[in-house]
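As structure tokens, the structure follows; a few thoughts come after it.
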Amino acid sequence: MTSTHAPRPSFRNLKEVAQVAPGRHILGVANFTTGSADPSVDEGYPSVAIHMTGSVEDGFAEVWTSDRPVRAGQAGSMSYAHDGEFLFCTGRIPETADYVEATEAAYTEVLALTGSLGYRQLVRIWHYISRLNEETAEGLETYRAFCLGRARVLERYGMTDDMPAATVIGSHGGGIVFYFLASRGGTQINVDNPRQVPPYHYPRRYGVKSPNFARATYVRSDDGATQIYVSGTASILGHRTMNAGDVEGQCRLALDNIAYLIGEGNLSAHGIQPGRTLDDLRTVKVYVRRRSDIERVQRICRTAFSRSADVVFLHADICRHDLLVEIEGIVP
Ligand code: 3HB
């Protein structure tokens with residue numbers, strides 16, 4: 001059996017992306033900045049720009065590295081790189097009047113690519129969508145149109161039961177930018193949170209087609225390296241939004257949901273040892289709907305996470321109008 005090594009994320013200054021530690025290779029870069037740009041492989045690795053900040057100073061790059069040489073390439077509108085064990089891929093759907101069709105086409109391309117490169121196991125997916133809560137020309141909220149397009153493809157491929165951890169968050173422009181990690185195999189367990197209804201069982205009132213993602217994804221490589229990818233997590237119990245209008249209450253409940261999700265009881269129920277805590281999370285992204293709430297959310301998060309964790313705060317729309325905060329992170 002070959003030894004494997006998990007890809008490693010870090011947040012960097014936008015100008016310091018290429019400065020990787022000796023022996024490491026860039027697998028992919030997502031630039032969180034003042035505009036969006038199509039994926040490219042100009043520097044020998046895939047990169048994409050996502051319009052998520054109001055100023056360049058607030059921008060940062062999420063840089064994924066591998067300890068193996070990578071091979072980069074392009075397929076249609078997507079750019080990717082892979083290291084023999086993991087694939088990083090990014091794509092963009094330009095602004096359009098029909099996000100159902102466009103999402104369906106993009107997800108179809110994604111699955112064709114992962115199939116042809118042999119990285120069939122989706123590990124973690126991020127989507128940043130402009131006008132997330134606005135109605136499209138089809139009369140559907142953009143997020144719901146996206147869910148419908150995605151669901152069509154997952155149904156066609158028989159993948160409705162095994163989607164990994166994900167994020168869907170509003171961006172400030174540029175259509176839909178997505179990036180994802182996939183693997184060739186290894187051990188992967190998608191983790192539910194019994195405090196929350198699995199998204200694919202949400203009642204119809206949340207959309208014609210349900211969202212589809214796991215609350216977290218646990219990955220173990222052949223060399224024993226483990227990671228837990230925690231999905232964008234909000235103030236939801238069952239399928240209901242809790243603490244409507246109360247940003248601090250929402251932030252605390254989102255943190256409680258994550259603590260339960262990765263805690264001893266829930267992980268061991270999924271066959272995973274040991275339990276983890278909020279203190280173990282790194283590369284955390286906190287999304288806040290109202291800019292004026294960011295400081296209050298920062299205060300709560302500073303005491304919740306380790307000082308060693310990189311934590312970024314982004315002003316962004318969230319998939320439901322009444323959600324004010326969403327939090328994601330990775331246990332390395
Ligand atoms: C999703 O629809 O995949 C999704 C949405 C969220 C958070 C995580 C995943 O708001």
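Every chain in the structure tokens takes a letter, A first, then B, and so on in the order presented; its residues are numbered from 1, and the ligands are numbered from 1 following the presented order.
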
List as a list in words the protein and nucleic acid residues near segment 298-310 of chain A, meaning an atom at most 7 Å away when only C-alpha atoms are counted, but skip any in the same chain fewer than 5 places from it.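 Using only C-alpha atoms, the neighbours found are Leu278, Asp279, Leu281, Arg282, Thr283 and Val284 of chain A.
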
Output all heavy atoms for every residue in the selection just made, as an mmCIF file, in the first residue's frame.
```
data_model
loop_
_atom_site.group_PDB
_atom_site.id
_atom_site.type_symbol
_atom_site.label_atom_id
_atom_site.label_comp_id
_atom_site.auth_asym_id
_atom_site.auth_seq_id
_atom_site.Cartn_x
_atom_site.Cartn_y
_atom_site.Cartn_z
ATOM 1 N N LEU A 278 -13.637 22.200 19.922
ATOM 2 C CA LEU A 278 -13.480 23.436 19.134
ATOM 3 C C LEU A 278 -12.019 23.888 19.112
ATOM 4 O O LEU A 278 -11.551 24.483 18.151
ATOM 5 C CB LEU A 278 -14.344 24.558 19.717
ATOM 6 C CG LEU A 278 -15.865 24.386 19.602
ATOM 7 C CD1 LEU A 278 -16.570 25.576 20.272
ATOM 8 C CD2 LEU A 278 -16.302 24.262 18.143
ATOM 9 N N ASP A 279 -11.297 23.551 20.206
ATOM 10 C CA ASP A 279 -9.891 23.922 20.321
ATOM 11 C C ASP A 279 -9.019 23.264 19.248
ATOM 12 O O ASP A 279 -7.917 23.716 18.965
ATOM 13 C CB ASP A 279 -9.427 23.481 21.717
ATOM 14 C CG ASP A 279 -8.269 24.301 22.191
ATOM 15 O OD1 ASP A 279 -8.359 25.536 22.084
ATOM 16 O OD2 ASP A 279 -7.273 23.703 22.645
ATOM 17 N N LEU A 281 -9.892 22.955 16.075
ATOM 18 C CA LEU A 281 -10.171 23.474 14.726
ATOM 19 C C LEU A 281 -9.098 24.453 14.270
ATOM 20 O O LEU A 281 -8.608 25.259 15.052
ATOM 21 C CB LEU A 281 -11.521 24.185 14.692
ATOM 22 C CG LEU A 281 -12.773 23.319 14.596
ATOM 23 C CD1 LEU A 281 -14.001 24.200 14.759
ATOM 24 C CD2 LEU A 281 -12.835 22.571 13.260
ATOM 25 N N ARG A 282 -8.755 24.384 13.002
ATOM 26 C CA ARG A 282 -7.820 25.327 12.383
ATOM 27 C C ARG A 282 -8.484 25.860 11.112
ATOM 28 O O ARG A 282 -9.505 25.375 10.691
ATOM 29 C CB ARG A 282 -6.501 24.615 12.018
ATOM 30 C CG ARG A 282 -5.767 24.058 13.234
ATOM 31 C CD ARG A 282 -5.222 25.192 14.113
ATOM 32 N NE ARG A 282 -4.499 24.688 15.276
ATOM 33 C CZ ARG A 282 -5.076 24.395 16.445
ATOM 34 N NH1 ARG A 282 -6.369 24.555 16.623
ATOM 35 N NH2 ARG A 282 -4.342 23.968 17.458
ATOM 36 N N THR A 283 -7.825 26.815 10.463
ATOM 37 C CA THR A 283 -8.362 27.418 9.226
ATOM 38 C C THR A 283 -9.892 27.531 9.263
ATOM 39 O O THR A 283 -10.605 26.866 8.521
ATOM 40 C CB THR A 283 -7.889 26.651 7.958
ATOM 41 O OG1 THR A 283 -7.937 25.259 8.196
ATOM 42 C CG2 THR A 283 -6.505 27.055 7.564
ATOM 43 N N VAL A 284 -10.316 28.395 10.169
ATOM 44 C CA VAL A 284 -11.749 28.607 10.399
ATOM 45 C C VAL A 284 -12.215 29.814 9.573
ATOM 46 O O VAL A 284 -11.534 30.847 9.537
ATOM 47 C CB VAL A 284 -11.996 28.892 11.900
ATOM 48 C CG1 VAL A 284 -13.456 29.230 12.152
ATOM 49 C CG2 VAL A 284 -11.560 27.693 12.748
#
```

For chain A against ligand 1, with a cut-off of 7 Å and counting only C-alpha atoms and all ligand atoms, what is the closest atom pair and its distance in Å to one decimal for every residue that makes the cut, ordered by chain and number, as a tab-separated table?
```
residue	atom	partner	partner_atom_place_in_ligand_line	distance
A:Cys147	CA	ligand 1	2 (O)	6.5
A:Ala166	CA	ligand 1	9 (C)	4.4
A:Thr167	CA	ligand 1	8 (C)	3.7
A:Val168	CA	ligand 1	5 (C)	4.2
A:Ile169	CA	ligand 1	10 (O)	6.1
A:Pro211	CA	ligand 1	2 (O)	4.3
A:Asn212	CA	ligand 1	3 (O)	5.5
A:Phe213	CA	ligand 1	3 (O)	5.2
A:Ser231	CA	ligand 1	8 (C)	5.4
A:Gly232	CA	ligand 1	7 (C)	4.2
A:Thr233	CA	ligand 1	7 (C)	6.1
A:Ile318	CA	ligand 1	10 (O)	6.0
A:Cys319	CA	ligand 1	10 (O)	4.7
```

Please write the residues from the selection above to a file, keeping N, CA, C and O atoms, as a CSV table (one decimal), in the first residue's frame.
```csv
chain,number,residue,atom,x,y,z
A,147,CYS,N,-29.6,24.6,-5.7
A,147,CYS,CA,-29.9,23.3,-5.1
A,147,CYS,C,-30.6,22.4,-6.1
A,147,CYS,O,-30.3,21.2,-6.2
A,166,ALA,N,-19.7,20.5,2.9
A,166,ALA,CA,-19.8,21.6,1.9
A,166,ALA,C,-20.1,22.9,2.6
A,166,ALA,O,-20.4,23.0,3.8
A,167,THR,N,-19.9,23.9,1.8
A,167,THR,CA,-20.3,25.3,2.1
A,167,THR,C,-21.0,25.9,1.0
A,167,THR,O,-20.5,25.7,-0.2
A,168,VAL,N,-22.1,26.6,1.2
A,168,VAL,CA,-22.6,27.5,0.2
A,168,VAL,C,-22.8,28.9,0.9
A,168,VAL,O,-23.5,29.0,1.9
A,169,ILE,N,-22.1,29.9,0.4
A,169,ILE,CA,-22.2,31.2,1.0
A,169,ILE,C,-22.3,32.3,-0.1
A,169,ILE,O,-21.9,32.0,-1.2
A,211,PRO,N,-31.0,20.8,-0.1
A,211,PRO,CA,-29.6,20.9,-0.1
A,211,PRO,C,-29.0,19.4,0.1
A,211,PRO,O,-29.8,18.6,0.6
A,212,ASN,N,-27.8,19.2,-0.3
A,212,ASN,CA,-27.3,17.9,-0.1
A,212,ASN,C,-25.8,18.0,0.3
A,212,ASN,O,-24.9,18.2,-0.5
A,213,PHE,N,-25.5,17.8,1.6
A,213,PHE,CA,-24.2,17.7,2.1
A,213,PHE,C,-24.1,17.1,3.5
A,213,PHE,O,-25.2,17.0,4.1
A,231,SER,N,-18.5,21.3,7.8
A,231,SER,CA,-19.3,22.1,6.8
A,231,SER,C,-19.6,23.5,7.4
A,231,SER,O,-19.6,23.7,8.6
A,232,GLY,N,-20.1,24.4,6.6
A,232,GLY,CA,-20.6,25.6,7.0
A,232,GLY,C,-21.8,25.3,8.0
A,232,GLY,O,-22.7,24.5,7.6
A,233,THR,N,-21.7,25.7,9.2
A,233,THR,CA,-22.6,25.3,10.3
A,233,THR,C,-23.3,26.6,10.9
A,233,THR,O,-22.6,27.6,11.2
A,318,ILE,N,-26.0,34.3,3.7
A,318,ILE,CA,-26.1,32.9,4.1
A,318,ILE,C,-27.3,32.3,3.5
A,318,ILE,O,-28.3,33.0,3.1
A,319,CYS,N,-27.4,30.9,3.4
A,319,CYS,CA,-28.4,30.3,2.6
A,319,CYS,C,-29.8,30.6,3.0
A,319,CYS,O,-30.7,30.4,2.2
```

Between A:Arg289, A:Lys15, A:Arg252, A:His201, which is the closest to His239 of chain A once you count only C-alpha atoms?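 Nearest to His239 of chain A: A:His201.
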
Would you mind listing what lies within 9 Å of segment 101-111 of chain A as number ranges by chain, with only C-alpha atoms counted and same-chain residues fewer than 4 positions away left out? A: 75-78, 89, 91-94, 96, 115-116, 120, 145-154, 157, 176

Would you mind exporting C-alpha atoms of the selected residues as a JSON list (two decimals), in the first residue's frame?
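Dumped to part-v4.json:
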```json
[["chain", "number", "residue", "atom", "x", "y", "z"],
["A", 75, "ALA", "CA", -10.78, 20.92, -18.38],
["A", 76, "GLY", "CA", -13.41, 23.18, -19.94],
["A", 77, "SER", "CA", -13.77, 26.12, -17.56],
["A", 78, "MET", "CA", -12.17, 24.28, -14.65],
["A", 89, "CYS", "CA", -10.27, 21.64, -8.68],
["A", 91, "GLY", "CA", -14.53, 26.34, -11.58],
["A", 92, "ARG", "CA", -16.76, 29.35, -12.14],
["A", 93, "ILE", "CA", -20.25, 29.77, -13.50],
["A", 94, "PRO", "CA", -20.56, 33.36, -14.80],
["A", 96, "THR", "CA", -26.62, 33.98, -15.63],
["A", 115, "GLY", "CA", -14.29, 10.15, -13.01],
["A", 116, "SER", "CA", -11.79, 10.57, -15.83],
["A", 120, "ARG", "CA", -14.04, 9.68, -7.58],
["A", 145, "ALA", "CA", -32.01, 27.28, -8.17],
["A", 146, "PHE", "CA", -28.50, 26.08, -7.36],
["A", 147, "CYS", "CA", -29.89, 23.28, -5.13],
["A", 148, "LEU", "CA", -32.22, 22.18, -7.92],
["A", 149, "GLY", "CA", -29.44, 22.02, -10.52],
["A", 150, "ARG", "CA", -27.16, 20.14, -8.13],
["A", 151, "ALA", "CA", -29.91, 17.70, -7.12],
["A", 152, "ARG", "CA", -30.63, 16.81, -10.75],
["A", 153, "VAL", "CA", -27.05, 15.70, -11.26],
["A", 154, "LEU", "CA", -26.76, 13.85, -7.95],
["A", 157, "TYR", "CA", -25.45, 9.76, -10.76],
["A", 176, "ILE", "CA", -20.80, 30.95, -8.74]]
```

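What separates atom CA of Gly84 of chain A from atom CA of Val230 of chain A is a distance of 23.9 Å.
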
So that I can see what lies close to Val20 of chain A, please list as a list in words the residues with an atom at most 12 Å from it, counting only C-alpha atoms and leaving out residues fewer than 2 positions away in the same chain.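 The residues satisfying every condition are Arg8, Pro9, Ser10, Phe11, Arg12, Glu16, Val17, Ala18, Pro22, Gly23, Arg24, His25, Ile26, Leu27, Gly28, Val29, Val63, Trp64, Thr65, Ser66 and Asp67 of chain A.
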
What does the structure give for the distance between atom CA of Ser79 of chain A and atom CA of Pro7 of chain A, in Å to one decimal?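 Computing it gives 17.1 Å between the two atoms.
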
Would you mind reading off the distance between atom CA of Asn193 of chain A and atom CA of Asn257 of chain A, one decimal, in Å?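 Separation between atom CA of Asn193 of chain A and atom CA of Asn257 of chain A: 7.8 Å.
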
Can you pull out the residues contacting Gln188 of chain A? Cut-off 8 Å, using only C-alpha atoms, and skip same-chain residues under 5 positions away; I want them as a ChimeraX atom specification. /A:123,217-220

Nearest to Ser55 of chain A among A:His172, A:His82, A:Arg156, A:Arg71, with distances taken over only C-alpha atoms: which residue is it?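 Of A:His172, A:His82, A:Arg156, A:Arg71, the one nearest Ser55 of chain A is A:His172, counting only C-alpha atoms.
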
Could you list, as a list of chain:residue names, every residue within 12 Å of Glu57 of chain A, counting only C-alpha atoms and ignoring same-chain residues fewer than 5 positions away?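 What passes the distance filter is A:Arg12, A:Asn13, A:Leu14, A:Lys15, A:Phe32, A:Thr33, A:Thr34, A:Met52.
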
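Listed by chain and then by rising number, the residues of segment 282-326 of chain A that DSSP assigns to strand (DSSP E or B) from the backbone are Arg282, Thr283, Val284, Lys285, Val286, Tyr287, Val288, Val311, Val312, Phe313, Leu314, His315, Ile318, Val325 and Glu326 of chain A.
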
With only C-alpha atoms as the basis for distance, which of A:Glu134, A:Asp246, A:Asp192, A:Asp58 is at the shortest distance from Ile262 of chain A?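 Ranking A:Glu134, A:Asp246, A:Asp192, A:Asp58 by distance to Ile262 of chain A, first place goes to A:Asp192.
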
Which residues, written as a PyMOL selection string, have at least one atom at most 10 Å from Leu237 of chain A, with only C-alpha atoms counted and residues fewer than 4 positions away on the same chain left out? chain A and resi 193-197+241-242+253-254+257

Nearest residue to Ala165 of chain A out of A:Thr114, A:Leu140, A:His127, A:Tyr45, using only C-alpha atoms?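 So, comparing all the options, the nearest one is A:His127.
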
Using only C-alpha atoms, pick whichever of A:Ala30, A:Ala316, A:Ala225, A:Ala61 has the shortest atom-to-atom distance to His5 of chain A. A:Ala225

Identify which of the residues A:Leu122, A:Leu267, A:Val208, A:Val288 lies closest to Ile228 of chain A, counting only C-alpha atoms when measuring atom-to-atom distances.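 Using only C-alpha atoms, the shortest distance to Ile228 of chain A belongs to A:Leu267.
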